[in-house]
Amino acid sequence: YRATVHELPKEKLSAAQNLFQFGDGEKVVAVLDARMHEEHPNLVFVTAAGAVKRTALTEFAEASGRQNGMAAMKLADGDRVVAVFPGWDDYELLLVTANGQGIRFAESEVRPVGRSAGGMRGIRLKGDDQVIGACAAAEGEIVVIATDQGFAKRTDGDEFPVQARGGSGLK
């Protein structure tokens with residue numbers, strides 16, 4: 001879904017459900033500034049099943065004015081998008097699962113594909129584990145990992161060694 005700032009209500013706050021016509025089960029995962037395509041040409045999508053997709057931000061330019069939005073990613077049954085963020089070609093992607101596994105790999109390992117395509121394996125999940133968060137990380141950056149009970153931990157991103165995409169990561 002896409003909206004220009006002048007289309008948003010001015011007098012009071014409004015829920016996203018009131019601005020767009022979401023389909024069943026759809027919810028907002030990320031809000032991004034469309035002008036960032038000059039610095040960050042790609043969007044990265046990460047799903048709960050561990051799939052990763054990279055698509056050019058310009059592919060979503062025609063979404064403006066569409067009340068029903070447009071398909072951003074083909075999902076397997078039961079899968080859902082957990083993170084969307086701008087892509088930097090020289091950064092790594094960090095994916096973290098509910099059972100505490102984490103993997104870091106080069107974004108360049110995820111080839112850019114079109115809007116209607118599905119993702120490729122970012123992390124190999126064990127049992128009923130699922131990805132709960134992801135971000136772009138650069139060398140030397142600090143990553144904050146938080147639990148659903150409110151505990152948080154600052155970790156040097158370099159503690160997650162860069163691996164090949166599709167591995168099981170480390171605890």
# chains A, B, ... in the order shown; residues from 1 in each chain; ligands from 1

call {"tool": "select_by_dssp", "arguments": {"residues": "chain A", "states": "helix (DSSP H, G or I)", "output": "list in words"}}
result
Val5, His6, Glu7, Ala16, Gln17, Asn18, Leu19, Ala34, Arg35, Met36, His37, Glu38, Leu57, Thr58, Glu59, Phe60, Ala61, Glu62, Ala63, Glu107, Ser108, Glu109, Gly157, Asp158 and Glu159 of chain A

call {"tool": "write_last_selection", "arguments": {"atoms": "N, CA and C atoms", "output": "PDB file, in the first residue's frame"}}
result
ATOM      1  N   VAL A   5       1.818  11.926   1.680  1.00  0.00           N
ATOM      2  CA  VAL A   5       1.574  12.593   2.950  1.00  0.00           C
ATOM      3  C   VAL A   5       0.315  13.455   2.902  1.00  0.00           C
ATOM      4  N   HIS A   6       0.070  14.137   1.792  1.00  0.00           N
ATOM      5  CA  HIS A   6      -1.104  15.008   1.734  1.00  0.00           C
ATOM      6  C   HIS A   6      -2.422  14.236   1.718  1.00  0.00           C
ATOM      7  N   GLU A   7      -2.382  12.887   1.518  1.00  0.00           N
ATOM      8  CA  GLU A   7      -3.591  12.069   1.569  1.00  0.00           C
ATOM      9  C   GLU A   7      -3.950  11.664   3.002  1.00  0.00           C
ATOM     10  N   ALA A  16      -4.224   2.637  10.334  1.00  0.00           N
ATOM     11  CA  ALA A  16      -3.915   2.271   8.950  1.00  0.00           C
ATOM     12  C   ALA A  16      -5.089   1.543   8.300  1.00  0.00           C
ATOM     13  N   GLN A  17      -5.863   0.782   9.084  1.00  0.00           N
ATOM     14  CA  GLN A  17      -7.017   0.061   8.548  1.00  0.00           C
ATOM     15  C   GLN A  17      -8.035   1.027   7.959  1.00  0.00           C
ATOM     16  N   ASN A  18      -8.066   2.269   8.452  1.00  0.00           N
ATOM     17  CA  ASN A  18      -9.004   3.259   7.945  1.00  0.00           C
ATOM     18  C   ASN A  18      -8.494   3.950   6.688  1.00  0.00           C
ATOM     19  N   LEU A  19      -7.215   3.846   6.402  1.00  0.00           N
ATOM     20  CA  LEU A  19      -6.636   4.492   5.224  1.00  0.00           C
ATOM     21  C   LEU A  19      -6.617   3.572   4.013  1.00  0.00           C
ATOM     22  N   ALA A  34       9.223   6.310   0.629  1.00  0.00           N
ATOM     23  CA  ALA A  34       9.470   5.901  -0.753  1.00  0.00           C
ATOM     24  C   ALA A  34      10.600   6.687  -1.402  1.00  0.00           C
ATOM     25  N   ARG A  35      10.965   7.830  -0.847  1.00  0.00           N
ATOM     26  CA  ARG A  35      12.048   8.627  -1.422  1.00  0.00           C
ATOM     27  C   ARG A  35      13.420   8.017  -1.167  1.00  0.00           C
ATOM     28  N   MET A  36      13.507   6.982  -0.353  1.00  0.00           N
ATOM     29  CA  MET A  36      14.806   6.410  -0.005  1.00  0.00           C
ATOM     30  C   MET A  36      15.423   5.601  -1.141  1.00  0.00           C
ATOM     31  N   HIS A  37      14.706   5.436  -2.282  1.00  0.00           N
ATOM     32  CA  HIS A  37      15.229   4.616  -3.370  1.00  0.00           C
ATOM     33  C   HIS A  37      16.540   5.141  -3.940  1.00  0.00           C
ATOM     34  N   GLU A  38      16.839   6.420  -3.727  1.00  0.00           N
ATOM     35  CA  GLU A  38      18.102   6.965  -4.225  1.00  0.00           C
ATOM     36  C   GLU A  38      19.291   6.386  -3.468  1.00  0.00           C
ATOM     37  N   LEU A  57      12.862  -1.167  -5.074  1.00  0.00           N
ATOM     38  CA  LEU A  57      11.818  -0.299  -4.534  1.00  0.00           C
ATOM     39  C   LEU A  57      10.986   0.316  -5.655  1.00  0.00           C
ATOM     40  N   THR A  58      11.594   0.550  -6.802  1.00  0.00           N
ATOM     41  CA  THR A  58      10.867   1.149  -7.923  1.00  0.00           C
ATOM     42  C   THR A  58       9.732   0.259  -8.419  1.00  0.00           C
ATOM     43  N   GLU A  59       9.756  -1.036  -8.126  1.00  0.00           N
ATOM     44  CA  GLU A  59       8.682  -1.952  -8.529  1.00  0.00           C
ATOM     45  C   GLU A  59       7.360  -1.619  -7.833  1.00  0.00           C
ATOM     46  N   PHE A  60       7.433  -0.838  -6.759  1.00  0.00           N
ATOM     47  CA  PHE A  60       6.221  -0.511  -6.002  1.00  0.00           C
ATOM     48  C   PHE A  60       5.713   0.895  -6.305  1.00  0.00           C
ATOM     49  N   ALA A  61       6.312   1.576  -7.280  1.00  0.00           N
ATOM     50  CA  ALA A  61       5.925   2.952  -7.607  1.00  0.00           C
ATOM     51  C   ALA A  61       4.480   3.044  -8.061  1.00  0.00           C
ATOM     52  N   GLU A  62       3.997   2.040  -8.760  1.00  0.00           N
ATOM     53  CA  GLU A  62       2.626   2.092  -9.271  1.00  0.00           C
ATOM     54  C   GLU A  62       1.565   1.779  -8.222  1.00  0.00           C
ATOM     55  N   ALA A  63       1.953   1.517  -7.000  1.00  0.00           N
ATOM     56  CA  ALA A  63       0.985   1.230  -5.936  1.00  0.00           C
ATOM     57  C   ALA A  63       0.209   2.470  -5.526  1.00  0.00           C
ATOM     58  N   GLU A 107      23.953  -9.550   2.027  1.00  0.00           N
ATOM     59  CA  GLU A 107      22.727  -9.274   1.278  1.00  0.00           C
ATOM     60  C   GLU A 107      22.897  -9.614  -0.198  1.00  0.00           C
ATOM     61  N   SER A 108      24.107  -9.478  -0.700  1.00  0.00           N
ATOM     62  CA  SER A 108      24.357  -9.762  -2.112  1.00  0.00           C
ATOM     63  C   SER A 108      24.097 -11.229  -2.469  1.00  0.00           C
ATOM     64  N   GLU A 109      23.995 -12.114  -1.471  1.00  0.00           N
ATOM     65  CA  GLU A 109      23.662 -13.516  -1.728  1.00  0.00           C
ATOM     66  C   GLU A 109      22.195 -13.703  -2.094  1.00  0.00           C
ATOM     67  N   GLY A 157      27.278  -6.889  16.623  1.00  0.00           N
ATOM     68  CA  GLY A 157      26.857  -7.650  15.448  1.00  0.00           C
ATOM     69  C   GLY A 157      27.922  -8.580  14.928  1.00  0.00           C
ATOM     70  N   ASP A 158      29.188  -8.251  15.191  1.00  0.00           N
ATOM     71  CA  ASP A 158      30.290  -9.095  14.724  1.00  0.00           C
ATOM     72  C   ASP A 158      30.382 -10.420  15.485  1.00  0.00           C
ATOM     73  N   GLU A 159      29.615 -10.560  16.596  1.00  0.00           N
ATOM     74  CA  GLU A 159      29.575 -11.847  17.300  1.00  0.00           C
ATOM     75  C   GLU A 159      28.825 -12.891  16.489  1.00  0.00           C
TER      76      GLU A 159
END

call {"tool": "residues_around", "arguments": {"residues": "A:Ile103", "least_positions_apart": "3", "cutoff": "6 Å", "atoms": "only C-alpha atoms", "output": "list in words"}}
result
Leu94, Leu95 and Gly169 of chain A

call {"tool": "residues_around", "arguments": {"residues": "A:Val52", "least_positions_apart": "3", "cutoff": "9 Å", "atoms": "only C-alpha atoms", "output": "PyMOL selection string"}}
result
chain A and resi 44-47+110+118-123

call {"tool": "closest_residue", "arguments": {"among": "A:Pro41, A:Gly102, A:Gly25, A:Gly78", "to": "A:Gly166", "atoms": "only C-alpha atoms"}}
result
A:Gly102

call {"tool": "residues_around", "arguments": {"residues": "A:Val96", "least_positions_apart": "2", "cutoff": "8 Å", "atoms": "only C-alpha atoms", "output": "mmCIF file with N, CA, C and O atoms, in the first residue's frame"}}
result
data_model
loop_
_atom_site.group_PDB
_atom_site.id
_atom_site.type_symbol
_atom_site.label_atom_id
_atom_site.label_comp_id
_atom_site.auth_asym_id
_atom_site.auth_seq_id
_atom_site.Cartn_x
_atom_site.Cartn_y
_atom_site.Cartn_z
ATOM 1 N N LEU A 94 20.752 -9.965 9.102
ATOM 2 C CA LEU A 94 20.763 -10.719 10.353
ATOM 3 C C LEU A 94 19.344 -11.188 10.620
ATOM 4 O O LEU A 94 18.431 -10.369 10.719
ATOM 5 N N ALA A 98 12.717 -17.570 17.024
ATOM 6 C CA ALA A 98 12.084 -17.638 18.340
ATOM 7 C C ALA A 98 12.878 -18.514 19.307
ATOM 8 O O ALA A 98 12.880 -18.271 20.510
ATOM 9 N N GLY A 100 16.070 -18.683 19.455
ATOM 10 C CA GLY A 100 17.373 -18.091 19.740
ATOM 11 C C GLY A 100 18.458 -18.345 18.720
ATOM 12 O O GLY A 100 19.618 -18.036 18.976
ATOM 13 N N GLN A 101 18.142 -18.888 17.557
ATOM 14 C CA GLN A 101 19.140 -19.070 16.511
ATOM 15 C C GLN A 101 19.296 -17.753 15.759
ATOM 16 O O GLN A 101 18.331 -16.999 15.595
ATOM 17 N N GLY A 102 20.492 -17.468 15.285
ATOM 18 C CA GLY A 102 20.728 -16.271 14.494
ATOM 19 C C GLY A 102 21.684 -16.563 13.365
ATOM 20 O O GLY A 102 22.598 -17.375 13.516
ATOM 21 N N ILE A 103 21.441 -15.935 12.226
ATOM 22 C CA ILE A 103 22.350 -16.096 11.090
ATOM 23 C C ILE A 103 22.603 -14.729 10.467
ATOM 24 O O ILE A 103 21.717 -13.880 10.421
ATOM 25 N N VAL A 131 11.266 -17.484 12.250
ATOM 26 C CA VAL A 131 11.967 -16.203 12.307
ATOM 27 C C VAL A 131 11.033 -15.185 12.947
ATOM 28 O O VAL A 131 9.855 -15.103 12.593
ATOM 29 N N ILE A 132 11.552 -14.422 13.911
ATOM 30 C CA ILE A 132 10.721 -13.401 14.566
ATOM 31 C C ILE A 132 11.245 -11.991 14.332
ATOM 32 O O ILE A 132 10.563 -11.021 14.631
ATOM 33 N N GLY A 133 12.461 -11.869 13.790
ATOM 34 C CA GLY A 133 13.005 -10.547 13.534
ATOM 35 C C GLY A 133 14.171 -10.609 12.572
ATOM 36 O O GLY A 133 14.821 -11.643 12.437
ATOM 37 N N ALA A 134 14.423 -9.478 11.898
ATOM 38 C CA ALA A 134 15.535 -9.393 10.960
ATOM 39 C C ALA A 134 15.893 -7.931 10.762
ATOM 40 O O ALA A 134 15.060 -7.045 10.975
#

call {"tool": "closest_residue", "arguments": {"among": "A:Ala15, A:Leu43, A:Val29, A:Ala48", "to": "A:Asp129", "atoms": "only C-alpha atoms"}}
result
A:Ala48

call {"tool": "residues_around", "arguments": {"residues": "A:Tyr91", "least_positions_apart": "5", "cutoff": "8 Å", "atoms": "only C-alpha atoms", "output": "list in words"}}
result
Ala106, Glu107, Ala136, Ala137, Ala138 and Glu139 of chain A

call {"tool": "select_by_dssp", "arguments": {"residues": "chain A", "states": "strand (DSSP E)", "output": "count of residues only"}}
result
51

call {"tool": "closest_residue", "arguments": {"among": "A:Asn42, A:Val31, A:Ala117, A:Asp89", "to": "A:Ala76", "atoms": "only C-alpha atoms"}}
result
A:Ala117

call {"tool": "closest_residue", "arguments": {"among": "A:Val84, A:Leu125, A:Ala56, A:Ile142", "to": "A:Pro112", "atoms": "only C-alpha atoms"}}
result
A:Ala56

call {"tool": "atom_distance", "arguments": {"atom1": "atom CA of A:Pro161", "atom2": "atom CA of A:Leu75"}}
result
28.6 Å
